[in-house]
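**Student:** Right, I'll just put the structure down here and ask away after.
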Amino acid sequence: MAPLPTPSLDRLLGRLRALLVGHVRRHAIGRFMLVSSCGLAFLFLADLLLDLPSAIRLLHLSLLTGGLTYVFWRYITKPLAAIPDKVGLAVLLERANPDLCELFTSATQLSQAKAESERQDTLIKSVISRAEARASDFKFGAVDDPRVPRRALLHGLSGVLVAALLLGSDLDRSSVFFSRIAGGGPAWPRATTLVVEVPFTGGAVSSSPNGDRIEVSCARGSDIPIVIRAEGVIPDEVTLRFESGARTVLNVTRGGVFRTLLRSVQDELTLGVIGGDDDDGTPVVAITVLRPPDVTGIAIQITPPAYTGAPTRITSDADVEVLAGSTLRVSALTDPPEAQGLVRLLPADTELELSAGVWPIEGESSSGEEPADLSARECKEFNLEATESVNFRFELKDERGLTNPDPGLFAVRVIADRAPDIELLSPTRGEVETVPGGAISLRARIADDHGLGEIEALLRPAPASDPLTIPTSSKALPPWTPQHKDAIFATALLELGDSESEAETGAILSVLPGQTLQLELRASDRREPASEESESRSTPVRVRIVSPDEFLRRLQDRLARVRANISELLTVETEKISQTQALLTALDSEAIDDNAARDAATLANGLRRIHGDARSISRELAELTDSVIHARLEQRDTGLLAALVAATSEHTDRTFAPEIWRKIATRDDAKKGLTGRLVRVTALAIEISDDLVEPAREAAQRASGAKDSTTAQTAIAEALELEGRAIAKTEQLLAELAEWDNFQSVLSLTRDILNRQKSLTERARHYAKEN
């Protein structure tokens with residue numbers, strides 16, 4: 001019997017096969033697109049970021065091709081081969097629809113079978129008939145699940161979209177990628193391009209034709225600037241890679257520029273620059289170091305101003321001091337000799353041309369070595385007028401275009417010619433008092449650094465009056481020379497007259513009680529041209545003219561204070577001699593020990609204070625006596641004033657000179673009169689301080705350092721004897737001052753009587769004239 005047809009069932013199973021094939025194809029296409037797009041994206045990014053070599057790119061392409069082949073087999077070939085025949089398809093339908101009770105499977109199998117009997121044929125037709133009826137309205141709802149292939153297709157489309165966006169964002173890079181994917185093709189375009197510049201002007205800078213090498217020729221010690229400009233993406237830092245292996249990291253500055261300075265290059269260098277994705281290290285900067293031109297010797301010829309009388313001198317010192325107004329000729333030996341250049345003066349930053357000259361120092365350079373060219377003796381030189389302190393340097397350039405990279409700095413320190421320095425030695429006070437007919441001794445120490453000119457004393461009767469010029473005499477060491485810095489000592493005696501005696505005594509000025517004068521000393525130096533800066537004036541001394549009575553009253557007041565000081569001194573001396581006696585008694589009874597030495601040292605310190613007090617009294621009495629002598633109260637022709645002026649003219653400072661008063665006290669005219677009595681009192685005070693108290697202190701000091709009691713006792717006994725004599729002299733000094741005070745009182749009373757008589761006589765004479 002022929003097989004029975006099953007058209008509806010066949011159509012159903014065919015539709016199921018077509019459905020399965022469609023699902024497989026959609027799933028495979030999705031997987032294929034996903035794998036291919038992800039693979040291309042990976043290859044693109046890997047090559048873009050890592051700039052893979054051709055071998056790796058070929059390997060990646062092979063892996064991608066293999067992966068796609070596997071996907072084709074895994075999701076196309078294998079699934080399609082796994083689609084079952086009609087019986088298998090019927091089984092799939094029956095699994096999804098258990099209510100079929102294997103109807104489609106039975107119908108499919110029985111349609112090909114042969115019936116062996118009529119009844120069997122009837123059963124087969126019944127099964128096929130029921131299967132056909134069911135197949136005609138069968139729905140695939142439970143069998144068909146399109147979500148998986150759709151999801152795979154969606155994933156594939158997403159991958160394709162991402163890859164398309166990635167590759168389409170930069171078509172130039174995508175084109176380069178597809179050109180390189182097979183292992184060849186051009187290089188990737190860089191995101192960062194570093195442009196290297198060497199703005200060096202002290203030598204030669206050249207670049208190779210293709211720009212991959214920059215050659216720099218510089219002098220040894222030059223500073224080489226390196227400027228790197230980043231184009232495109234600006235990195236945060238770039239790195240200089242030196243041939244030696246060293247590295248230097250540079251940080252970015254404004255405008256994407258990196259800068260550095262290779263300081264004082266001594267050896268040849270080769271370096272490259274990397275930064276961002278520009279990491280090939282080109283262009284290479286190659287620095288060649290050459291010997292620069294330099295100054296090998298310097299000589300400065302200094303001609304001081306003519307008024308100084310100083311000779312011209314030559315020095316090879318790098319730093320010189322010259323007097324303002326000096327003329328300088330600066331000569332320099334250069335290596336090579338033919339080097340040219342200029343001189344730059346600082347801080348004014350002015351330039352002077354160098355001219356050819358002859359080296360002024362015979363046989364050696366300034367460094368003591370033979371110069372480069374002794375036969376020619378040619379040098380470079382320039383002239384300079386020294387008006388202010390300057391620094392200068394030689395900027396040289398040789399025929400190769402090289403400059404001296406670190407020119408030495410030479411200094412010229414200009415010293416101004418200072419005005420003379422005036423120190424008044426007498427009067428010692430800023431205000432002095434005298435009487436009509438008195439005198440003032442003017443003594444001054446005057447020094448100048450380059451020679452004194454005129455010296456004059458000026459006496460101004462009133463602040464608004466023109467000053468009187470007073471002739472002075474000077475005493476100096478041998479004539480002034482540039483090496484001579486000693487001072488000149490000027491002296492002058494200013495004699496002041498009154499209205500009655502001016503014509504007789506030859507006084508320089510007639511004065512009256514109550515008048516005030518101003519005295520100053522003026523000195524100038526030899527500076528040319530002369531100016532106000534070349535003149536100095538001493539501190540003005542105010543001279544007050546008082547009447548003899550007022551002068552004596554003030555003198556009595558000052559002497560009263562001196563007597564009070566002497567009384568205090570006598571009290572201290574009395575206390576100290578008691579201590580000395582106690583110490584001597586202690587030394588008689590026991591050996592010298594630390595306590596005795598300490599007591600002796602204490603005694604020496606006490607005597608030192610007594611000596612200081614006694615010296616102060618001597619100084620005060622000497623000052624009072626000096627004023628009395630210059631006031632010439634007793635007689636105008638006394639020899640004490642002349643002796644005092646002569647003695648003090650030998651004294652060249654402001655210190656107290658007791659030997660002057662010792663010498664004056666030995667004169668015959670110092671043994672009589674009011675002034676002579678004061679001179680003797682002063683000499684007595686000096687004897688107490690220097691001849692008695694000071695030796696006593698020295699004896700006590702010897703006792704403090706004595707090693708045995710005998711020596712200590714001898715020294716303390718000597719101190720005791722000197723202290724006793726000092727006390728006796730001090731009492732005598734008090735008595736002398738008291739007697740002088742009494743004498744002065746009588747003298748003042750007599751002068752008052754004479755003045756009253758004179759006044760009465762004047763009134764009587766005036767009355768007689770009128771009547």
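Identifiers in the structure tokens: chain A, B, ... in order shown; residue index from 1 per chain; ligand index from 1 in order shown.
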Looking only at the backbone, which of the residues in range 206-441 of chain A does DSSP tag as strand (DSSP E or B), as a ChimeraX atom specification?

**Tutor:** /A:206-207,213-219,222-232,237-242,247-251,253,257-265,269-275,278,284-290,294-303,313-315,319-323,327-335,340-346,350-353,355-358,378-385,390-397,403,410-415,421-426,431-434,439-441

**Student:** Excluding same-chain residues fewer than 6 positions from Thr260 in chain A, what lies within 12 Å of it counting only C-alpha atoms, as number ranges by chain?

**Tutor:** A: 196-199, 223-229, 238-240, 248-253, 273

**Student:** Go through A:Glu268, A:Glu399, A:Glu532, A:Asp10 one by one, measure the shortest atom-to-atom distance of each to Thr288 in chain A using only C-alpha atoms, and give the residue with the smallest value.

**Tutor:**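 Under the stated criterion, the closest residue is A:Glu268.
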
**Student:** For each of A:Leu40, A:Ala487, A:Leu493, A:Ile287, take the minimum atom-to-atom distance to Ala439 in chain A, counting only C-alpha atoms, then give the residue where this is smallest.

**Tutor:**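 The shortest atom-to-atom distance to Ala439 in chain A comes from A:Leu493.
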
**Student:** Quick one: residues within 10 Å of Arg667 in chain A, only C-alpha atoms, excluding same-chain residues fewer than 3 positions away - as a PyMOL selection string?

**Tutor:** chain A and resi 639-640+643+662-664+670-671+676+679

**Student:** Limited to N, CA, C and O atoms, could you put the picked residues into a file as a compact mmCIF listing (two decimals), in the first residue's frame?

**Tutor:**
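Wrote it out as result_30.txt, contents follow:
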```
# COMPACT_ATOMS: atom_id res chain seq x y z
N GLY A 639 104.04 135.98 83.43
CA GLY A 639 104.68 134.93 82.65
C GLY A 639 104.00 133.60 82.76
O GLY A 639 104.32 132.66 82.02
N LEU A 640 103.05 133.46 83.68
CA LEU A 640 102.34 132.18 83.83
C LEU A 640 101.55 131.84 82.58
O LEU A 640 101.50 130.67 82.16
N ALA A 643 103.92 130.66 79.91
CA ALA A 643 104.43 129.32 80.23
C ALA A 643 103.36 128.26 80.00
O ALA A 643 103.65 127.16 79.49
N ARG A 662 103.02 120.54 87.24
CA ARG A 662 104.22 120.38 88.08
C ARG A 662 105.32 121.35 87.62
O ARG A 662 106.01 121.98 88.42
N LYS A 663 105.45 121.43 86.28
CA LYS A 663 106.50 122.29 85.73
C LYS A 663 106.21 123.76 85.99
O LYS A 663 107.11 124.55 86.36
N ILE A 664 104.93 124.18 85.83
CA ILE A 664 104.59 125.58 86.04
C ILE A 664 104.74 125.95 87.51
O ILE A 664 105.13 127.08 87.87
N ALA A 670 105.13 131.66 90.13
CA ALA A 670 104.05 130.86 90.68
C ALA A 670 104.09 130.83 92.20
O ALA A 670 103.24 130.18 92.82
N LYS A 671 105.07 131.52 92.80
CA LYS A 671 105.20 131.49 94.24
C LYS A 671 104.65 132.75 94.90
O LYS A 671 104.87 132.98 96.08
N GLY A 676 99.38 132.49 91.44
CA GLY A 676 100.44 131.58 91.84
C GLY A 676 99.99 130.65 92.94
O GLY A 676 100.37 129.47 93.00
N VAL A 679 98.08 127.89 91.43
CA VAL A 679 98.98 126.95 90.76
C VAL A 679 99.59 125.99 91.77
O VAL A 679 99.67 124.77 91.54
```
